[in-house]
>>> print(open('entry.cif').read())   # mmCIF, C-alpha atoms
data_target
loop_
_atom_site.group_PDB
_atom_site.id
_atom_site.type_symbol
_atom_site.label_atom_id
_atom_site.label_comp_id
_atom_site.auth_asym_id
_atom_site.auth_seq_id
_atom_site.Cartn_x
_atom_site.Cartn_y
_atom_site.Cartn_z
ATOM 1 C CA MET A 1 175.745 128.713 157.990
ATOM 2 C CA SER A 2 173.492 126.015 156.505
ATOM 3 C CA GLU A 3 174.683 122.400 156.328
ATOM 4 C CA ALA A 4 174.950 122.655 152.527
ATOM 5 C CA ASN A 5 177.051 125.805 152.720
ATOM 6 C CA ALA A 6 179.252 124.259 155.395
ATOM 7 C CA MET A 7 179.908 121.234 153.185
ATOM 8 C CA SER A 8 180.722 123.478 150.237
ATOM 9 C CA ALA A 9 183.226 125.481 152.292
ATOM 10 C CA ASN A 10 184.843 122.312 153.589
ATOM 11 C CA GLU A 11 185.186 120.885 150.082
ATOM 12 C CA CYS A 12 186.881 124.103 148.954
ATOM 13 C CA LYS A 13 189.207 123.923 151.941
ATOM 14 C CA VAL A 14 190.472 120.444 151.202
ATOM 15 C CA ARG A 15 190.590 120.576 147.401
ATOM 16 C CA PRO A 16 194.183 119.994 146.188
ATOM 17 C CA ILE A 17 196.026 122.779 144.371
ATOM 18 C CA GLY A 18 198.290 122.207 141.394
ATOM 19 C CA ILE A 19 200.994 124.741 140.577
ATOM 20 C CA VAL A 20 201.800 125.786 137.014
ATOM 21 C CA CYS A 21 204.790 127.959 136.131
ATOM 22 C CA ASP A 22 206.685 128.881 132.998
ATOM 23 C CA SER A 23 210.111 127.386 132.353
ATOM 24 C CA THR A 24 212.089 130.450 133.453
ATOM 25 C CA ALA A 25 211.755 129.015 136.963
ATOM 26 C CA PRO A 26 215.136 127.250 137.405
ATOM 27 C CA LEU A 27 213.908 123.897 138.677
ATOM 28 C CA THR A 28 215.163 120.408 137.901
ATOM 29 C CA ARG A 29 212.627 117.789 136.867
ATOM 30 C CA LYS A 30 212.907 116.135 140.292
ATOM 31 C CA GLU A 31 212.481 119.423 142.173
ATOM 32 C CA ALA A 32 209.431 120.400 140.137
ATOM 33 C CA ALA A 33 207.804 117.038 140.860
ATOM 34 C CA ALA A 34 208.501 117.385 144.595
ATOM 35 C CA LEU A 35 206.923 120.864 144.572
ATOM 36 C CA GLY A 36 203.881 119.675 142.636
ATOM 37 C CA CYS A 37 204.762 122.188 139.931
ATOM 38 C CA ALA A 38 204.192 121.678 136.214
ATOM 39 C CA LEU A 39 206.617 123.716 134.099
ATOM 40 C CA VAL A 40 205.302 124.817 130.714
ATOM 41 C CA SER A 41 207.982 125.438 128.129
ATOM 42 C CA MET A 42 208.811 128.823 126.732
ATOM 43 C CA HIS A 43 210.520 128.642 123.352
ATOM 44 C CA TYR A 44 213.575 130.229 121.811
ATOM 45 C CA LEU A 45 214.581 130.426 118.184
ATOM 46 C CA VAL A 46 218.104 129.964 116.883
ATOM 47 C CA ASP A 47 218.570 130.732 113.179
ATOM 48 C CA GLY A 48 214.943 129.818 112.521
ATOM 49 C CA VAL A 49 214.955 126.604 114.569
ATOM 50 C CA ARG A 50 212.365 126.606 117.373
ATOM 51 C CA ARG A 51 213.535 124.980 120.607
ATOM 52 C CA ALA A 52 211.705 124.311 123.868
ATOM 53 C CA GLU A 53 213.193 125.435 127.162
ATOM 54 C CA VAL A 54 212.874 122.593 129.663
ATOM 55 C CA TYR A 55 214.007 121.737 133.195
ATOM 56 C CA GLU A 56 217.275 123.001 134.647
ATOM 57 C CA GLY A 57 220.161 120.792 133.584
ATOM 58 C CA GLU A 58 218.385 119.558 130.432
ATOM 59 C CA ASN A 59 218.899 122.530 128.084
ATOM 60 C CA GLY A 60 222.308 121.580 126.753
ATOM 61 C CA ASP A 61 225.130 123.958 125.847
ATOM 62 C CA TYR A 62 222.879 126.847 124.847
ATOM 63 C CA ASP A 63 225.538 129.517 125.433
ATOM 64 C CA THR A 64 227.787 128.036 122.730
ATOM 65 C CA LEU A 65 224.730 127.716 120.489
ATOM 66 C CA TYR A 66 224.064 131.438 120.906
ATOM 67 C CA LYS A 67 227.655 132.446 120.197
ATOM 68 C CA ASN A 68 227.509 130.714 116.815
ATOM 69 C CA ALA A 69 224.014 131.939 115.864
ATOM 70 C CA LYS A 70 223.069 134.804 113.549
ATOM 71 C CA VAL A 71 219.390 135.283 114.458
ATOM 72 C CA LEU A 72 217.932 134.745 117.945
ATOM 73 C CA GLY A 73 214.462 135.192 119.414
ATOM 74 C CA THR A 74 212.030 133.950 122.059
ATOM 75 C CA GLU A 75 208.320 133.146 122.329
ATOM 76 C CA ALA A 76 205.967 133.514 125.270
ATOM 77 C CA VAL A 77 203.863 130.490 126.195
ATOM 78 C CA PHE A 78 200.754 130.327 123.998
ATOM 79 C CA PRO A 79 197.325 130.509 125.716
ATOM 80 C CA SER A 80 196.408 127.102 124.289
ATOM 81 C CA VAL A 81 199.298 125.501 126.196
ATOM 82 C CA PHE A 82 198.042 126.947 129.473
ATOM 83 C CA VAL A 83 194.496 125.859 128.627
ATOM 84 C CA GLY A 84 195.664 122.271 128.253
ATOM 85 C CA GLU A 85 197.632 122.303 131.506
ATOM 86 C CA PHE A 86 194.854 124.009 133.474
ATOM 87 C CA ARG A 87 192.250 121.601 132.121
ATOM 88 C CA ARG A 88 194.409 118.589 133.041
ATOM 89 C CA LEU A 89 194.590 119.732 136.670
ATOM 90 C CA LEU A 90 190.922 120.716 136.862
ATOM 91 C CA ASP A 91 189.803 117.382 135.409
ATOM 92 C CA GLY A 92 191.924 115.672 138.061
ATOM 93 C CA GLY A 93 190.064 117.506 140.820
ATOM 94 C CA SER A 94 192.662 120.194 141.620
ATOM 95 C CA ASP A 95 192.427 123.951 141.720
ATOM 96 C CA VAL A 96 195.047 125.761 139.624
ATOM 97 C CA LEU A 97 197.673 128.223 140.813
ATOM 98 C CA CYS A 98 199.634 129.678 137.882
ATOM 99 C CA ILE A 99 202.704 131.797 138.620
ATOM 100 C CA THR A 100 204.389 133.468 135.667
ATOM 101 C CA MET A 101 207.484 135.568 135.128
ATOM 102 C CA SER A 102 206.961 139.337 135.284
ATOM 103 C CA SER A 103 204.351 140.647 132.871
ATOM 104 C CA ARG A 104 206.705 143.561 132.157
ATOM 105 C CA LEU A 105 209.296 141.133 130.775
ATOM 106 C CA SER A 106 207.122 138.698 128.821
ATOM 107 C CA GLY A 107 203.654 138.141 127.390
ATOM 108 C CA THR A 108 203.381 134.844 129.253
ATOM 109 C CA TYR A 109 201.241 136.299 132.065
ATOM 110 C CA ARG A 110 198.788 137.652 129.511
ATOM 111 C CA SER A 111 198.607 134.222 127.854
ATOM 112 C CA ALA A 112 197.782 132.585 131.200
ATOM 113 C CA VAL A 113 195.039 135.145 131.868
ATOM 114 C CA GLU A 114 193.587 134.492 128.415
ATOM 115 C CA ALA A 115 193.606 130.764 129.138
ATOM 116 C CA LYS A 116 191.666 131.313 132.365
ATOM 117 C CA THR A 117 189.188 133.557 130.548
ATOM 118 C CA GLN A 118 188.580 130.849 127.942
ATOM 119 C CA LEU A 119 187.979 128.146 130.541
ATOM 120 C CA VAL A 120 185.643 130.359 132.560
ATOM 121 C CA ALA A 121 183.673 131.032 129.363
ATOM 122 C CA GLU A 122 183.380 127.255 129.011
ATOM 123 C CA GLY A 123 181.807 127.037 132.470
ATOM 124 C CA VAL A 124 184.745 126.555 134.850
ATOM 125 C CA ASP A 125 184.283 128.218 138.249
ATOM 126 C CA PRO A 126 186.620 131.275 138.140
ATOM 127 C CA GLY A 127 187.482 130.677 141.793
ATOM 128 C CA ARG A 128 189.275 127.474 140.809
ATOM 129 C CA ILE A 129 191.994 129.189 138.743
ATOM 130 C CA ALA A 130 194.350 131.897 139.966
ATOM 131 C CA VAL A 131 197.021 133.564 137.813
ATOM 132 C CA ILE A 132 199.738 135.578 139.548
ATOM 133 C CA ASP A 133 202.189 138.004 137.987
ATOM 134 C CA SER A 134 205.314 137.207 140.014
ATOM 135 C CA TRP A 135 207.052 140.567 139.258
ATOM 136 C CA THR A 136 210.224 138.474 138.931
ATOM 137 C CA THR A 137 211.892 135.543 137.180
ATOM 138 C CA SER A 138 214.661 132.955 137.761
ATOM 139 C CA GLY A 139 215.525 132.696 141.487
ATOM 140 C CA GLY A 140 212.574 134.903 142.410
ATOM 141 C CA LEU A 141 210.191 132.393 140.842
ATOM 142 C CA ASP A 142 211.944 129.601 142.730
ATOM 143 C CA PHE A 143 211.199 131.394 146.018
ATOM 144 C CA LEU A 144 207.529 131.983 145.186
ATOM 145 C CA ILE A 145 206.909 128.403 144.067
ATOM 146 C CA SER A 146 208.524 127.029 147.241
ATOM 147 C CA ARG A 147 206.431 129.381 149.376
ATOM 148 C CA ALA A 148 203.277 128.341 147.535
ATOM 149 C CA ARG A 149 204.026 124.665 148.208
ATOM 150 C CA ARG A 150 204.532 125.309 151.921
ATOM 151 C CA LEU A 151 201.204 127.130 152.110
ATOM 152 C CA ILE A 152 199.398 124.384 150.207
ATOM 153 C CA VAL A 153 200.860 121.663 152.417
ATOM 154 C CA GLY A 154 199.811 123.753 155.411
ATOM 155 C CA GLY A 155 196.179 123.601 154.297
ATOM 156 C CA SER A 156 195.698 127.062 152.765
ATOM 157 C CA THR A 157 192.951 127.555 150.209
ATOM 158 C CA LEU A 158 193.691 128.905 146.745
ATOM 159 C CA ALA A 159 192.523 132.397 147.748
ATOM 160 C CA GLU A 160 194.688 132.316 150.864
ATOM 161 C CA VAL A 161 197.754 131.232 148.889
ATOM 162 C CA VAL A 162 197.230 134.038 146.375
ATOM 163 C CA SER A 163 196.960 136.617 149.145
ATOM 164 C CA GLN A 164 200.173 135.399 150.768
ATOM 165 C CA LEU A 165 202.103 135.319 147.496
ATOM 166 C CA GLU A 166 201.024 138.820 146.534
ATOM 167 C CA GLY A 167 202.508 140.038 149.807
ATOM 168 C CA ALA A 168 205.637 137.915 149.429
ATOM 169 C CA ARG A 169 206.466 139.180 145.926
ATOM 170 C CA ALA A 170 206.774 142.715 147.311
ATOM 171 C CA ARG A 171 209.215 141.629 150.046
ATOM 172 C CA GLN A 172 211.526 139.493 147.951
ATOM 173 C CA GLY A 173 213.933 140.937 145.423
ATOM 174 C CA ILE A 174 216.245 140.169 142.556
ATOM 175 C CA VAL A 175 219.219 142.217 141.360
ATOM 176 C CA PHE A 176 221.329 141.528 138.289
ATOM 177 C CA THR A 177 223.967 142.739 135.891
ATOM 178 C CA VAL A 178 224.808 142.034 132.260
ATOM 179 C CA PRO A 179 228.147 141.982 130.448
ATOM 180 C CA ARG A 180 226.798 143.880 127.419
ATOM 181 C CA LEU A 181 223.930 146.337 127.621
ATOM 182 C CA ASP A 182 223.303 146.207 123.886
ATOM 183 C CA VAL A 183 221.840 142.696 124.255
ATOM 184 C CA LEU A 184 219.348 143.863 126.870
ATOM 185 C CA ARG A 185 218.704 147.063 124.916
ATOM 186 C CA ARG A 186 217.686 145.071 121.835
ATOM 187 C CA SER A 187 215.065 143.308 123.922
ATOM 188 C CA GLY A 188 213.292 146.663 124.357
ATOM 189 C CA ARG A 189 213.325 146.553 128.148
ATOM 190 C CA LEU A 190 215.780 149.386 128.864
ATOM 191 C CA GLY A 191 214.570 152.891 129.653
ATOM 192 C CA ALA A 192 216.063 156.188 128.475
ATOM 193 C CA THR A 193 218.431 156.538 131.436
ATOM 194 C CA ARG A 194 219.949 153.147 130.787
ATOM 195 C CA ARG A 195 220.358 153.867 127.111
ATOM 196 C CA ALA A 196 222.534 156.866 128.016
ATOM 197 C CA VAL A 197 224.717 154.901 130.430
ATOM 198 C CA ALA A 198 225.121 152.054 127.951
ATOM 199 C CA GLY A 199 227.574 154.072 125.884
ATOM 200 C CA LYS A 200 230.108 154.513 128.686
ATOM 201 C CA LEU A 201 233.043 152.107 128.627
ATOM 202 C CA ASP A 202 234.031 149.713 131.406
ATOM 203 C CA ARG A 203 230.877 150.314 133.398
ATOM 204 C CA TYR A 204 228.456 147.621 134.492
ATOM 205 C CA LEU A 205 224.956 148.640 135.477
ATOM 206 C CA ILE A 206 223.544 146.989 138.593
ATOM 207 C CA MET A 207 219.808 146.639 138.020
ATOM 208 C CA ILE A 208 216.855 145.495 140.079
ATOM 209 C CA LEU A 209 213.351 144.351 139.214
ATOM 210 C CA ASP A 210 210.979 146.880 140.773
ATOM 211 C CA GLN A 211 207.414 145.511 140.633
ATOM 212 C CA GLY A 212 208.511 143.583 137.584
ATOM 213 C CA GLY A 213 210.198 146.431 135.713
ATOM 214 C CA ILE A 214 213.932 147.122 135.365
ATOM 215 C CA ARG A 215 215.457 149.951 137.408
ATOM 216 C CA ASP A 216 219.180 150.696 137.769
ATOM 217 C CA VAL A 217 220.577 151.061 141.300
ATOM 218 C CA ASP A 218 224.361 151.291 140.887
ATOM 219 C CA VAL A 219 227.296 151.285 138.469
ATOM 220 C CA ALA A 220 230.352 149.110 139.133
ATOM 221 C CA HIS A 221 233.793 148.689 137.531
ATOM 222 C CA GLY A 222 235.194 145.175 137.190
ATOM 223 C CA THR A 223 234.046 141.744 138.331
ATOM 224 C CA VAL A 224 234.974 142.157 141.998
ATOM 225 C CA ALA A 225 233.168 145.486 142.291
ATOM 226 C CA VAL A 226 230.144 144.047 140.495
ATOM 227 C CA ALA A 227 229.945 141.158 142.965
ATOM 228 C CA ARG A 228 230.225 143.503 145.938
ATOM 229 C CA SER A 229 227.523 145.792 144.583
ATOM 230 C CA LEU A 230 225.122 142.927 143.928
ATOM 231 C CA VAL A 231 225.605 141.559 147.445
ATOM 232 C CA ARG A 232 225.243 145.043 148.918
ATOM 233 C CA GLN A 233 221.686 145.259 147.545
ATOM 234 C CA VAL A 234 220.495 142.407 149.786
ATOM 235 C CA PRO A 235 218.431 144.030 152.579
ATOM 236 C CA GLU A 236 219.233 143.455 156.234
ATOM 237 C CA GLY A 237 216.281 141.152 156.797
ATOM 238 C CA ALA A 238 217.473 138.728 154.102
ATOM 239 C CA ARG A 239 221.193 138.568 154.918
ATOM 240 C CA THR A 240 221.033 135.429 157.018
ATOM 241 C CA GLY A 241 218.422 133.627 154.930
ATOM 242 C CA PRO A 242 218.406 131.789 151.612
ATOM 243 C CA LEU A 243 219.925 133.468 148.562
ATOM 244 C CA ILE A 244 219.810 132.229 144.976
ATOM 245 C CA VAL A 245 222.621 133.131 142.577
ATOM 246 C CA THR A 246 221.679 132.461 138.975
ATOM 247 C CA GLY A 247 224.213 132.362 136.169
ATOM 248 C CA TYR A 248 223.094 132.718 132.569
ATOM 249 C CA GLY A 249 225.473 130.482 130.694
ATOM 250 C CA SER A 250 229.139 130.314 131.685
ATOM 251 C CA SER A 251 229.956 133.294 133.906
ATOM 252 C CA ASP A 252 232.976 134.364 135.950
ATOM 253 C CA ALA A 253 230.639 136.842 137.629
ATOM 254 C CA THR A 254 228.567 133.999 139.055
ATOM 255 C CA ARG A 255 231.575 132.531 140.830
ATOM 256 C CA ALA A 256 232.592 135.992 142.053
ATOM 257 C CA VAL A 257 229.149 136.669 143.543
ATOM 258 C CA VAL A 258 229.083 133.319 145.357
ATOM 259 C CA GLY A 259 232.549 133.980 146.786
ATOM 260 C CA CYS A 260 231.541 137.472 147.893
ATOM 261 C CA ILE A 261 228.456 136.113 149.687
ATOM 262 C CA HIS A 262 230.545 133.559 151.553
ATOM 263 C CA ARG A 263 232.896 136.297 152.730
ATOM 264 C CA ARG A 264 230.397 139.054 153.530
ATOM 265 C CA LEU A 265 227.257 137.099 154.451
ATOM 266 C CA PRO A 266 228.627 133.895 156.016
ATOM 267 C CA LYS A 267 225.285 132.964 157.597
ATOM 268 C CA ALA A 268 223.389 133.062 154.307
ATOM 269 C CA GLU A 269 222.387 129.806 152.606
ATOM 270 C CA VAL A 270 223.471 130.047 148.955
ATOM 271 C CA THR A 271 221.996 128.082 146.061
ATOM 272 C CA VAL A 272 223.470 128.378 142.564
ATOM 273 C CA ARG A 273 221.156 127.986 139.576
ATOM 274 C CA ASP A 274 221.412 127.950 135.796
ATOM 275 C CA GLY A 275 219.182 130.635 134.273
ATOM 276 C CA GLY A 276 218.276 128.693 131.155
ATOM 277 C CA PRO A 277 218.221 129.711 127.503
ATOM 278 C CA VAL A 278 215.237 132.095 127.437
ATOM 279 C CA VAL A 279 216.307 134.643 130.062
ATOM 280 C CA SER A 280 219.940 134.189 128.973
ATOM 281 C CA LEU A 281 219.009 135.214 125.451
ATOM 282 C CA HIS A 282 217.500 138.491 126.676
ATOM 283 C CA LEU A 283 220.191 139.341 129.236
ATOM 284 C CA GLY A 284 223.172 137.969 127.374
ATOM 285 C CA VAL A 285 225.375 134.987 128.196
ATOM 286 C CA GLY A 286 227.618 135.822 131.141
ATOM 287 C CA SER A 287 224.937 137.709 133.084
ATOM 288 C CA VAL A 288 224.265 136.953 136.748
ATOM 289 C CA SER A 289 221.408 137.607 139.185
ATOM 290 C CA LEU A 290 221.027 137.419 142.948
ATOM 291 C CA ALA A 291 217.606 136.800 144.495
ATOM 292 C CA TRP A 292 216.521 136.987 148.118
ATOM 293 C CA ASP A 293 213.413 136.384 150.181
ATOM 294 C CA VAL A 294 212.406 138.334 153.286
ATOM 295 C CA PRO A 295 210.123 136.389 155.650
ATOM 296 C CA ALA A 296 206.886 138.011 156.778
ATOM 297 C CA GLU A 297 207.142 139.617 160.218
#
>>> encode(input="entry.cif", output="structure tokens")
Amino acid sequence: MSEANAMSANECKVRPIGIVCDSTAPLTRKEAAALGCALVSMHYLVDGVRRAEVYEGENGDYDTLYKNAKVLGTEAVFPSVFVGEFRRLLDGGSDVLCITMSSRLSGTYRSAVEAKTQLVAEGVDPGRIAVIDSWTTSGGLDFLISRARRLIVGGSTLAEVVSQLEGARARQGIVFTVPRLDVLRRSGRLGATRRAVAGKLDRYLIMILDQGGIRDVDVAHGTVAVARSLVRQVPEGARTGPLIVTGYGSSDATRAVVGCIHRRLPKAEVTVRDGGPVVSLHLGVGSVSLAWDVPAE
């Protein structure tokens, strides 16, 4: 390797990496700053009023807002917003790692890719921006962002971080249930099988994100059975590690899942998160998810 090439490789190795993620990652303002992660706001609309989703703990009483609303909707992050955030990091000398919620749940990933395409057309080195479809949301995004920070602190290059995260997203998982399937059905994300089950009374579908798409794995009756089924989905390799329980608005199911984990998986480290207004709008207030991470062997 020539001296010039060696210098170029070394510069790439030490260049800082800034993380960008959409606001469905349930992070507080302080946590995001500690992780070096910039959250870009998704938006939700309540009776024609456009509102920005922000950091965990700063979104107000959105569940009550939804209960009193007549018309609800959400917006993916616009490409122009990603362009501005990417350019800010690039101008500051950092490479950009953008992690978005599943592309099968939102157009946000596509917006981030469009933003990268625009900047590359303007002359930015394409190797300085990476956009990853997380295949997940909520607690799953939390896990990926934390892993990315550990890799960055450990000296990994942008390409190395991307490779590690693409492997990690296949090992981690997130399972969830909703109190009313009609809310999720209106979002257009339920398949034919789920549409058939939705008409049966007193049944709660237990669903999992499989490479970013929704797949049902069980049916449970009642809050206790729902909690047990959710916890039962956690694979053996994740049962003594960190788990993230995310409640979407006020939820008895959230408390039931946490209690079930304490009883059945006493060695697990449980974190409870608020899912925020955007995912809550699509799942329905009262929904709950459970995310896990399986370390690489």
>>> resolve_selection(input="entry.cif", expression="the PyMOL selection byres ((chain A and resi 270-283) around 7)", output="JSON, numbers by chain")
{"A": [24, 26, 44, 53, 56, 59, 62, 74, 138, 178, 183, 184, 187, 242, 243, 244, 245, 246, 247, 248, 249, 268, 269, 284, 285, 287]}
>>> resolve_selection(input="entry.cif", expression="the PyMOL selection byres ((chain A and resi 70) around 10)", output="list in words")
Val46, Asp47, Gly48, Tyr66, Lys67, Asn68, Ala69, Val71 and Leu72 of chain A
>>> residues_around(input="entry.cif", residues="Thr136 of chain A", least_positions_apart="2", cutoff="7 Å", atoms="all atoms listed in the file", output="list in words")
Met101, Ser102, Ser134, Gly140, Leu141, Leu209 and Gly212 of chain A
>>> closest_residue(input="entry.cif", among="A:Phe143, A:Val131, A:Leu119, A:Leu35", to="Ser163 of chain A", atoms="only C-alpha atoms")
A:Val131
>>> resolve_selection(input="entry.cif", expression="the PyMOL selection byres ((chain A and resi 155) around 12)", output="list in words")
Asn10, Cys12, Lys13, Val14, Arg15, Pro16, Ile17, Ala148, Arg149, Arg150, Leu151, Ile152, Val153, Gly154, Ser156, Thr157, Leu158, Ala159, Glu160 and Val161 of chain A
>>> atom_distance(input="entry.cif", atom1="atom CA of Arg263 of chain A", atom2="atom CA of Arg232 of chain A")
12.2 Å
>>> atom_distance(input="entry.cif", atom1="atom CA of Cys37 of chain A", atom2="atom CA of Glu58 of chain A")
16.8 Å
>>> atom_distance(input="entry.cif", atom1="atom CA of Leu290 of chain A", atom2="atom CA of Arg110 of chain A")
26.0 Å
>>> axis_aligned_box(input="entry.cif", around="segment 170-180 of chain A", padding_each_side="3 Å", output="AutoDock Vina command-line options")
--center_x 217.5 --center_y 141.7 --center_z 138.7 --size_x 27.4 --size_y 10.4 --size_z 28.6
>>> residues_near_point(input="entry.cif", point="(205.3, 127.7, 135.3)", cutoff="6 Å", atoms="all atoms listed in the file", output="mmCIF file with C-alpha atoms, keeping the file's coordinate frame")
data_model
loop_
_atom_site.group_PDB
_atom_site.id
_atom_site.type_symbol
_atom_site.label_atom_id
_atom_site.label_comp_id
_atom_site.auth_asym_id
_atom_site.auth_seq_id
_atom_site.Cartn_x
_atom_site.Cartn_y
_atom_site.Cartn_z
ATOM 1 C CA VAL A 20 201.800 125.786 137.014
ATOM 2 C CA CYS A 21 204.790 127.959 136.131
ATOM 3 C CA ASP A 22 206.685 128.881 132.998
ATOM 4 C CA SER A 23 210.111 127.386 132.353
ATOM 5 C CA LEU A 39 206.617 123.716 134.099
ATOM 6 C CA VAL A 40 205.302 124.817 130.714
ATOM 7 C CA ILE A 99 202.704 131.797 138.620
ATOM 8 C CA THR A 100 204.389 133.468 135.667
#
>>> residues_near_point(input="entry.cif", point="(197.3, 138.3, 122.3)", cutoff="9 Å", atoms="all atoms listed in the file", output="JSON, numbers by chain")
{"A": [78, 79, 107, 110, 111, 114]}
>>> residues_around(input="entry.cif", residues="Ala253 of chain A", least_positions_apart="2", cutoff="10 Å", atoms="all atoms listed in the file", output="number ranges by chain")
A: 177-179, 222-224, 226-227, 247-248, 250-251, 255-259, 286-289
>>> build_atoms(input="entry.cif", residues="segment 223-244 of chain A", atoms="N, CA and C atoms", output="tab-separated table (two decimals), in the frame of the given file")
chain	number	residue	atom	x	y	z
A	223	THR	N	234.79	142.87	137.78
A	223	THR	CA	234.05	141.74	138.33
A	223	THR	C	233.93	141.79	139.85
A	224	VAL	N	235.01	142.12	140.53
A	224	VAL	CA	234.97	142.16	142.00
A	224	VAL	C	234.00	143.22	142.49
A	225	ALA	N	234.06	144.40	141.89
A	225	ALA	CA	233.17	145.49	142.29
A	225	ALA	C	231.72	145.15	141.97
A	226	VAL	N	231.50	144.47	140.85
A	226	VAL	CA	230.14	144.05	140.50
A	226	VAL	C	229.59	143.10	141.55
A	227	ALA	N	230.39	142.12	141.95
A	227	ALA	CA	229.94	141.16	142.96
A	227	ALA	C	229.61	141.87	144.27
A	228	ARG	N	230.47	142.77	144.69
A	228	ARG	CA	230.22	143.50	145.94
A	228	ARG	C	228.94	144.32	145.86
A	229	SER	N	228.72	144.97	144.73
A	229	SER	CA	227.52	145.79	144.58
A	229	SER	C	226.25	144.95	144.60
A	230	LEU	N	226.29	143.82	143.92
A	230	LEU	CA	225.12	142.93	143.93
A	230	LEU	C	224.80	142.46	145.34
A	231	VAL	N	225.82	142.05	146.08
A	231	VAL	CA	225.60	141.56	147.44
A	231	VAL	C	225.14	142.70	148.35
A	232	ARG	N	225.62	143.89	148.10
A	232	ARG	CA	225.24	145.04	148.92
A	232	ARG	C	223.75	145.37	148.80
A	233	GLN	N	223.11	144.97	147.73
A	233	GLN	CA	221.69	145.26	147.54
A	233	GLN	C	220.78	144.40	148.42
A	234	VAL	N	221.32	143.30	148.96
A	234	VAL	CA	220.50	142.41	149.79
A	234	VAL	C	220.12	143.13	151.08
A	235	PRO	N	218.84	143.29	151.38
A	235	PRO	CA	218.43	144.03	152.58
A	235	PRO	C	218.79	143.29	153.86
A	236	GLU	N	218.82	144.01	154.95
A	236	GLU	CA	219.23	143.46	156.23
A	236	GLU	C	218.43	142.22	156.62
A	237	GLY	N	217.14	142.26	156.39
A	237	GLY	CA	216.28	141.15	156.80
A	237	GLY	C	216.49	139.87	156.03
A	238	ALA	N	217.25	139.93	154.92
A	238	ALA	CA	217.47	138.73	154.10
A	238	ALA	C	218.90	138.23	154.16
A	239	ARG	N	219.76	138.86	154.97
A	239	ARG	CA	221.19	138.57	154.92
A	239	ARG	C	221.60	137.29	155.63
A	240	THR	N	220.72	136.71	156.37
A	240	THR	CA	221.03	135.43	157.02
A	240	THR	C	220.13	134.32	156.50
A	241	GLY	N	219.35	134.62	155.47
A	241	GLY	CA	218.42	133.63	154.93
A	241	GLY	C	218.91	133.04	153.62
A	242	PRO	N	218.02	132.40	152.89
A	242	PRO	CA	218.41	131.79	151.61
A	242	PRO	C	218.61	132.82	150.52
A	243	LEU	N	219.64	132.63	149.72
A	243	LEU	CA	219.92	133.47	148.56
A	243	LEU	C	220.10	132.55	147.35
A	244	ILE	N	219.65	133.01	146.20
A	244	ILE	CA	219.81	132.23	144.98
A	244	ILE	C	220.61	133.04	143.96
